[in-house]
file work07.cif (mmCIF, C-alpha atoms)
data_protein
loop_
_atom_site.label_atom_id
_atom_site.label_comp_id
_atom_site.auth_asym_id
_atom_site.auth_seq_id
_atom_site.Cartn_x
_atom_site.Cartn_y
_atom_site.Cartn_z
CA MET A 1114 31.89 -114.30 87.17
CA LEU A 1115 33.24 -113.93 90.67
CA LYS A 1116 31.79 -116.16 93.36
CA ARG A 1117 30.34 -114.37 96.33
CA SER A 1118 32.24 -116.71 98.69
CA HIS A 1119 35.57 -115.62 97.16
CA ILE A 1120 34.64 -111.96 97.48
CA ILE A 1121 33.56 -112.47 101.10
CA HIS A 1122 36.87 -114.22 101.82
CA VAL A 1123 38.94 -111.40 100.24
CA HIS A 1124 36.77 -108.77 101.96
CA MET A 1125 37.30 -110.43 105.34
CA LEU A 1126 41.09 -110.82 104.95
CA LEU A 1127 41.51 -107.24 103.70
CA ALA A 1128 39.54 -105.93 106.68
CA ALA A 1129 41.78 -107.90 109.06
CA LEU A 1130 44.90 -106.58 107.30
CA VAL A 1131 43.83 -102.94 107.17
CA LEU A 1132 42.06 -102.51 110.53
CA PRO A 1133 45.18 -102.05 112.75
CA ILE A 1134 46.71 -99.52 110.34
CA LEU A 1135 43.42 -97.66 109.95
CA LEU A 1136 42.94 -97.48 113.74
CA MET A 1137 46.43 -96.02 114.15
CA TYR A 1138 45.67 -93.29 111.60
CA LEU A 1139 42.20 -92.57 112.98
CA ILE A 1140 43.32 -92.38 116.62
CA SER A 1141 46.47 -90.35 115.89
CA GLY A 1142 44.48 -88.03 113.61
CA MET A 1143 41.90 -87.46 116.35
CA LEU A 1144 44.64 -86.79 118.92
CA TYR A 1145 46.39 -84.43 116.49
CA THR A 1146 43.10 -82.58 115.96
CA PHE A 1147 42.91 -81.97 119.71
CA ASP A 1148 46.56 -80.83 119.74
CA VAL A 1149 47.84 -83.91 121.58
CA LYS A 1150 51.21 -84.51 119.93
CA GLY A 1151 53.47 -86.21 122.45
CA HIS A 1152 56.72 -85.06 124.01
CA ILE A 1153 60.29 -84.63 122.78
CA LYS A 1154 63.17 -84.64 125.24
CA LYS A 1155 65.89 -82.27 123.96
CA GLN A 1156 69.50 -82.02 124.92
CA LYS A 1157 71.92 -79.42 123.53
CA ILE A 1158 75.66 -80.06 123.52
CA ASN A 1159 78.56 -78.00 122.22
CA ILE A 1160 81.14 -79.99 120.30
CA VAL A 1161 84.58 -78.39 120.51
CA LEU A 1162 86.79 -79.28 117.55
CA GLU A 1163 90.55 -79.55 117.97
CA GLN A 1164 90.86 -77.48 114.83
CA PRO A 1165 88.46 -76.18 112.18
CA MET A 1166 87.97 -78.71 109.42
CA PRO A 1167 86.12 -79.03 106.13
CA LEU A 1168 82.56 -80.08 106.89
CA ARG A 1169 81.47 -83.08 104.85
CA LEU A 1170 78.84 -85.69 105.55
CA ASP A 1171 81.36 -88.36 106.53
CA THR A 1172 83.40 -86.11 108.85
CA LEU A 1173 80.27 -84.77 110.57
CA ALA A 1174 78.92 -88.30 110.98
CA ALA A 1175 82.16 -89.40 112.66
CA ILE A 1176 82.30 -86.31 114.90
CA THR A 1177 78.65 -86.72 115.88
CA GLU A 1178 78.97 -90.42 116.61
CA LYS A 1179 82.05 -89.83 118.76
CA SER A 1180 80.25 -87.09 120.72
CA LEU A 1181 77.15 -89.24 121.23
CA ILE A 1182 79.30 -92.08 122.59
CA GLN A 1183 81.15 -89.68 124.92
CA HIS A 1184 77.86 -88.43 126.33
CA HIS A 1185 76.38 -91.96 126.61
CA LEU A 1186 73.60 -91.13 124.16
CA PRO A 1187 72.02 -93.50 121.64
CA ILE A 1188 73.19 -93.45 118.04
CA PRO A 1189 70.34 -93.06 115.51
CA GLU A 1190 69.93 -95.73 112.87
CA GLY A 1191 68.27 -93.55 110.24
CA GLU A 1192 69.37 -91.49 107.28
CA MET A 1193 71.95 -88.69 107.33
CA SER A 1194 71.85 -85.44 105.43
CA LEU A 1195 73.96 -82.30 105.15
CA LYS A 1196 72.53 -79.01 103.94
CA LYS A 1197 74.24 -75.69 103.45
CA LYS A 1198 72.19 -72.70 104.55
CA LYS A 1199 73.74 -69.36 103.67
CA SER A 1200 77.09 -69.40 105.48
CA SER A 1201 76.32 -72.31 107.85
CA TYR A 1202 75.82 -76.06 107.63
CA LEU A 1203 73.14 -78.30 109.12
CA PHE A 1204 73.80 -82.01 109.60
CA ARG A 1205 70.84 -84.26 110.42
CA TRP A 1206 70.78 -87.88 111.44
CA GLY A 1207 67.71 -89.57 112.74
CA ASP A 1208 65.26 -92.37 112.97
CA LEU A 1209 61.76 -92.64 114.37
CA LYS A 1210 62.81 -92.38 118.04
CA TYR A 1211 66.09 -90.41 118.01
CA ALA A 1212 67.15 -87.38 115.98
CA VAL A 1213 70.44 -85.51 116.07
CA SER A 1214 71.15 -82.21 114.38
CA VAL A 1215 74.52 -80.48 114.30
CA LYS A 1216 74.87 -76.85 113.23
CA THR A 1217 77.91 -74.74 112.68
CA THR A 1218 78.30 -71.68 114.90
CA LYS A 1219 80.01 -68.34 114.42
CA LYS A 1220 83.10 -69.89 115.98
CA PRO A 1221 84.76 -72.24 113.46
CA ASP A 1222 85.91 -74.67 116.15
CA ILE A 1223 82.51 -75.13 117.86
CA LEU A 1224 79.53 -77.12 116.60
CA ARG A 1225 76.11 -77.10 118.27
CA MET A 1226 74.51 -80.56 118.60
CA THR A 1227 70.86 -81.05 119.52
CA VAL A 1228 69.70 -84.55 120.45
CA ARG A 1229 65.97 -85.30 120.43
CA GLU A 1230 64.33 -88.36 121.94
CA ARG A 1231 60.71 -88.78 120.96
CA ASP A 1232 58.17 -90.55 123.15
CA PHE A 1233 55.84 -93.20 121.71
CA LEU A 1234 53.02 -90.77 120.91
CA THR A 1235 55.38 -88.43 119.05
CA GLN A 1236 56.66 -91.38 117.03
CA VAL A 1237 53.08 -92.30 116.08
CA MET A 1238 52.42 -88.69 115.04
CA ARG A 1239 55.51 -88.77 112.79
CA ILE A 1240 54.14 -91.89 111.11
CA HIS A 1241 50.76 -90.16 110.71
CA ARG A 1242 52.39 -87.15 108.99
CA ALA A 1243 54.63 -89.36 106.77
CA GLU A 1244 57.78 -88.07 108.48
CA ALA A 1245 59.08 -91.42 109.64
CA GLY A 1246 61.22 -92.43 106.69
CA SER A 1247 60.63 -94.01 103.34
CA ALA A 1248 59.49 -97.37 104.73
CA PHE A 1249 56.52 -95.68 106.40
CA LYS A 1250 55.51 -93.88 103.20
CA VAL A 1251 54.28 -97.21 101.81
CA ILE A 1252 51.78 -97.70 104.65
CA PRO A 1253 49.28 -95.00 103.53
CA SER A 1254 49.27 -96.51 100.03
CA ILE A 1255 48.52 -99.97 101.43
CA LEU A 1256 45.82 -98.45 103.61
CA LEU A 1257 44.23 -96.57 100.69
CA ILE A 1258 44.18 -99.61 98.40
CA GLY A 1259 42.95 -101.89 101.21
CA VAL A 1260 40.09 -99.62 102.29
CA LEU A 1261 39.09 -99.00 98.69
CA LEU A 1262 38.97 -102.75 97.96
CA ILE A 1263 37.02 -103.40 101.17
CA LEU A 1264 34.47 -100.74 100.24
CA LEU A 1265 34.17 -101.90 96.63
CA SER A 1266 33.83 -105.56 97.59
CA GLY A 1267 31.25 -104.67 100.25
CA ILE A 1268 29.20 -102.66 97.75
CA TYR A 1269 29.55 -105.41 95.12
CA MET A 1270 28.27 -107.99 97.62
CA ALA A 1271 25.40 -105.73 98.69
CA LEU A 1272 24.39 -105.01 95.07
CA SER A 1273 24.40 -108.73 94.26
CA ILE A 1274 21.68 -109.36 96.88
CA PRO A 1275 18.31 -108.07 95.62
CA LYS A 1276 16.94 -106.94 99.01
CA PHE A 1277 20.06 -104.78 99.66
CA ARG A 1278 20.35 -103.28 96.16
CA LYS A 1279 17.90 -100.35 96.55
CA PRO A 1280 18.97 -99.27 100.07
CA VAL A 1281 22.64 -99.31 99.02
CA LEU A 1282 21.97 -97.30 95.84
CA TYR A 1283 19.85 -94.78 97.78
CA THR A 1284 22.48 -94.44 100.49
CA MET A 1285 25.29 -93.98 97.96
CA SER A 1286 23.25 -91.38 96.08
CA PHE A 1287 22.42 -89.52 99.30
CA SER A 1288 26.07 -89.49 100.47
CA THR A 1289 27.27 -88.34 97.05
CA VAL A 1290 24.81 -85.45 96.99
CA LEU A 1291 25.59 -84.56 100.61
CA PHE A 1292 29.32 -84.55 99.87
CA LEU A 1293 28.83 -82.35 96.80
CA ILE A 1294 26.69 -79.89 98.79
CA VAL A 1295 29.29 -79.64 101.57
CA PHE A 1296 32.16 -79.49 99.06
CA VAL A 1297 30.60 -76.72 96.97
CA ALA A 1298 29.37 -74.69 99.96
#
call {"tool": "encode", "arguments": {"input": "work07.cif", "output": "structure tokens"}}
result
Amino acid sequence: MLKRSHIIHVHMLLAALVLPILLMYLISGMLYTFDVKGHIKKQKINIVLEQPMPLRLDTLAAITEKSLIQHHLPIPEGEMSLKKKKSSYLFRWGDLKYAVSVKTTKKPDILRMTVRERDFLTQVMRIHRAEAGSAFKVIPSILLIGVLLILLSGIYMALSIPKFRKPVLYTMSFSTVLFLIVFVA
């Protein structure tokens, strides 16, 4: 049988681990609900090619990097992708703070580059919506498991103390029925 002191210790450490992550999601979710999403500074630049060339991921990465350096703009550290859409191409390269997209134009020797710089709030919103890269997709899983273990250990501790058993069972029953009523309605 598990000792209550061990459960209290795990409960306490999990709460300390999960609280900062949970606050970030709660605050950013509330801000998102009130349509506060941050700001993105955009800059559009035409890239003139010396001659039309086959568009591949590596060539577009080199062209983009060279253009960013020429314009004294930061180079993103994130992932690159190249997608073909009908008769045009879209190259994307970005991280949490900076994003660059390069599109082909009707003129084969001109590319259209858009550079986006996200402020802190916009970066937080991208984390909230799981758009911040694969590393940030692990955070909601940690949060879910942590909160679930905190709740289960808290209920286990409460049920193991006779004077808390009935109020906890009544409260859980009430919240379950309330949820079902709201869910069905």
call {"tool": "resolve_selection", "arguments": {"input": "work07.cif", "expression": "the PyMOL selection byres ((chain A and resi 1243-1259) around 7)", "output": "JSON, numbers by chain"}}
result
{"A": [1127, 1131, 1134, 1135, 1209, 1239, 1240, 1241, 1242, 1260, 1261, 1262, 1263]}
call {"tool": "closest_residue", "arguments": {"input": "work07.cif", "among": "A:Lys1116, A:His1122, A:His1152, A:Arg1229", "to": "Trp1206 of chain A", "atoms": "all atoms listed in the file"}}
result
A:Arg1229
call {"tool": "resolve_selection", "arguments": {"input": "work07.cif", "expression": "the PyMOL selection byres ((chain A and resi 1218) around 12)", "output": "ChimeraX atom specification"}}
result
/A:1159-1162,1165,1200-1203,1215-1217,1219-1226
call {"tool": "residues_near_point", "arguments": {"input": "work07.cif", "point": "(51.9, -94.1, 117.7)", "cutoff": "12 Å", "atoms": "only C-alpha atoms", "output": "tab-separated table (two decimals) with C-alpha atoms, in the frame of the given file"}}
result
chain	number	residue	atom	x	y	z
A	1133	PRO	CA	45.18	-102.05	112.75
A	1134	ILE	CA	46.71	-99.52	110.34
A	1136	LEU	CA	42.94	-97.48	113.74
A	1137	MET	CA	46.43	-96.02	114.15
A	1138	TYR	CA	45.67	-93.29	111.60
A	1139	LEU	CA	42.20	-92.57	112.98
A	1140	ILE	CA	43.32	-92.38	116.62
A	1141	SER	CA	46.47	-90.35	115.89
A	1142	GLY	CA	44.48	-88.03	113.61
A	1144	LEU	CA	44.64	-86.79	118.92
A	1145	TYR	CA	46.39	-84.43	116.49
A	1149	VAL	CA	47.84	-83.91	121.58
A	1150	LYS	CA	51.21	-84.51	119.93
A	1151	GLY	CA	53.47	-86.21	122.45
A	1209	LEU	CA	61.76	-92.64	114.37
A	1210	LYS	CA	62.81	-92.38	118.04
A	1231	ARG	CA	60.71	-88.78	120.96
A	1232	ASP	CA	58.17	-90.55	123.15
A	1233	PHE	CA	55.84	-93.20	121.71
A	1234	LEU	CA	53.02	-90.77	120.91
A	1235	THR	CA	55.38	-88.43	119.05
A	1236	GLN	CA	56.66	-91.38	117.03
A	1237	VAL	CA	53.08	-92.30	116.08
A	1238	MET	CA	52.42	-88.69	115.04
A	1239	ARG	CA	55.51	-88.77	112.79
A	1240	ILE	CA	54.14	-91.89	111.11
A	1241	HIS	CA	50.76	-90.16	110.71
A	1242	ARG	CA	52.39	-87.15	108.99
A	1245	ALA	CA	59.08	-91.42	109.64
call {"tool": "atom_distance", "arguments": {"input": "work07.cif", "atom1": "atom CA of Leu1186 of chain A", "atom2": "atom CA of Asp1148 of chain A"}}
result
29.3 Å
call {"tool": "atom_distance", "arguments": {"input": "work07.cif", "atom1": "atom CA of Lys1276 of chain A", "atom2": "atom CA of Ala1128 of chain A"}}
result
23.9 Å
call {"tool": "residues_near_point", "arguments": {"input": "work07.cif", "point": "(80.8, -81.6, 106.4)", "cutoff": "12 Å", "atoms": "only C-alpha atoms", "output": "PyMOL selection string"}}
result
chain A and resi 1165-1177+1193-1197+1201-1205+1215-1217+1224
call {"tool": "residues_around", "arguments": {"input": "work07.cif", "residues": "Lys1155 of chain A", "least_positions_apart": "4", "cutoff": "10 Å", "atoms": "only C-alpha atoms", "output": "MDAnalysis selection string"}}
result
chainID A and resid 1212:1213 1227:1231
call {"tool": "atom_distance", "arguments": {"input": "work07.cif", "atom1": "atom CA of Gly1207 of chain A", "atom2": "atom CA of Gly1191 of chain A"}}
result
4.7 Å
call {"tool": "axis_aligned_box", "arguments": {"input": "work07.cif", "around": "segment 1133-1147 of chain A", "padding_each_side": "4 Å", "output": "JSON"}}
result
{"center_x": 44.3, "center_y": -92.0, "center_z": 114.8, "size_x": 12.8, "size_y": 28.1, "size_z": 17.8}
call {"tool": "closest_residue", "arguments": {"input": "work07.cif", "among": "A:Ile1120, A:Pro1189, A:Val1281, A:Ile1268", "to": "Asp1208 of chain A", "atoms": "all atoms listed in the file"}}
result
A:Pro1189
call {"tool": "build_atoms", "arguments": {"input": "work07.cif", "residues": "segment 1122-1143 of chain A", "atoms": "N, CA and C atoms", "output": "mmCIF file, in the frame of the given file"}}
result
data_model
loop_
_atom_site.group_PDB
_atom_site.id
_atom_site.type_symbol
_atom_site.label_atom_id
_atom_site.label_comp_id
_atom_site.auth_asym_id
_atom_site.auth_seq_id
_atom_site.Cartn_x
_atom_site.Cartn_y
_atom_site.Cartn_z
ATOM 1 N N HIS A 1122 35.573 -113.817 101.263
ATOM 2 C CA HIS A 1122 36.870 -114.220 101.820
ATOM 3 C C HIS A 1122 37.901 -113.086 101.670
ATOM 4 N N VAL A 1123 38.008 -112.505 100.479
ATOM 5 C CA VAL A 1123 38.940 -111.400 100.240
ATOM 6 C C VAL A 1123 38.563 -110.192 101.103
ATOM 7 N N HIS A 1124 37.271 -109.885 101.162
ATOM 8 C CA HIS A 1124 36.770 -108.770 101.960
ATOM 9 C C HIS A 1124 37.168 -108.934 103.429
ATOM 10 N N MET A 1125 36.987 -110.131 103.948
ATOM 11 C CA MET A 1125 37.300 -110.430 105.340
ATOM 12 C C MET A 1125 38.804 -110.310 105.618
ATOM 13 N N LEU A 1126 39.637 -110.873 104.747
ATOM 14 C CA LEU A 1126 41.090 -110.820 104.950
ATOM 15 C C LEU A 1126 41.619 -109.389 104.810
ATOM 16 N N LEU A 1127 41.092 -108.634 103.844
ATOM 17 C CA LEU A 1127 41.510 -107.240 103.700
ATOM 18 C C LEU A 1127 41.145 -106.424 104.937
ATOM 19 N N ALA A 1128 39.959 -106.651 105.469
ATOM 20 C CA ALA A 1128 39.540 -105.930 106.680
ATOM 21 C C ALA A 1128 40.479 -106.251 107.837
ATOM 22 N N ALA A 1129 40.861 -107.510 107.980
ATOM 23 C CA ALA A 1129 41.780 -107.900 109.060
ATOM 24 C C ALA A 1129 43.159 -107.289 108.850
ATOM 25 N N LEU A 1130 43.595 -107.163 107.605
ATOM 26 C CA LEU A 1130 44.900 -106.580 107.300
ATOM 27 C C LEU A 1130 44.911 -105.071 107.562
ATOM 28 N N VAL A 1131 43.866 -104.395 107.163
ATOM 29 C CA VAL A 1131 43.830 -102.940 107.170
ATOM 30 C C VAL A 1131 43.401 -102.348 108.521
ATOM 31 N N LEU A 1132 42.616 -103.068 109.302
ATOM 32 C CA LEU A 1132 42.060 -102.510 110.530
ATOM 33 C C LEU A 1132 43.116 -101.937 111.491
ATOM 34 N N PRO A 1133 44.206 -102.645 111.826
ATOM 35 C CA PRO A 1133 45.180 -102.050 112.750
ATOM 36 C C PRO A 1133 45.811 -100.754 112.226
ATOM 37 N N ILE A 1134 46.107 -100.721 110.935
ATOM 38 C CA ILE A 1134 46.710 -99.520 110.340
ATOM 39 C C ILE A 1134 45.692 -98.374 110.357
ATOM 40 N N LEU A 1135 44.472 -98.683 109.982
ATOM 41 C CA LEU A 1135 43.420 -97.660 109.950
ATOM 42 C C LEU A 1135 43.167 -97.102 111.348
ATOM 43 N N LEU A 1136 43.135 -97.960 112.364
ATOM 44 C CA LEU A 1136 42.940 -97.480 113.740
ATOM 45 C C LEU A 1136 44.057 -96.545 114.166
ATOM 46 N N MET A 1137 45.304 -96.888 113.803
ATOM 47 C CA MET A 1137 46.430 -96.020 114.150
ATOM 48 C C MET A 1137 46.252 -94.635 113.538
ATOM 49 N N TYR A 1138 45.861 -94.587 112.260
ATOM 50 C CA TYR A 1138 45.670 -93.290 111.600
ATOM 51 C C TYR A 1138 44.466 -92.540 112.160
ATOM 52 N N LEU A 1139 43.385 -93.239 112.447
ATOM 53 C CA LEU A 1139 42.200 -92.570 112.980
ATOM 54 C C LEU A 1139 42.460 -92.011 114.378
ATOM 55 N N ILE A 1140 43.055 -92.824 115.241
ATOM 56 C CA ILE A 1140 43.320 -92.380 116.620
ATOM 57 C C ILE A 1140 44.351 -91.255 116.636
ATOM 58 N N SER A 1141 45.445 -91.413 115.885
ATOM 59 C CA SER A 1141 46.470 -90.350 115.890
ATOM 60 C C SER A 1141 45.932 -89.077 115.238
ATOM 61 N N GLY A 1142 45.093 -89.206 114.222
ATOM 62 C CA GLY A 1142 44.480 -88.030 113.610
ATOM 63 C C GLY A 1142 43.553 -87.300 114.576
ATOM 64 N N MET A 1143 42.784 -88.069 115.354
ATOM 65 C CA MET A 1143 41.900 -87.460 116.350
ATOM 66 C C MET A 1143 42.732 -86.744 117.424
#
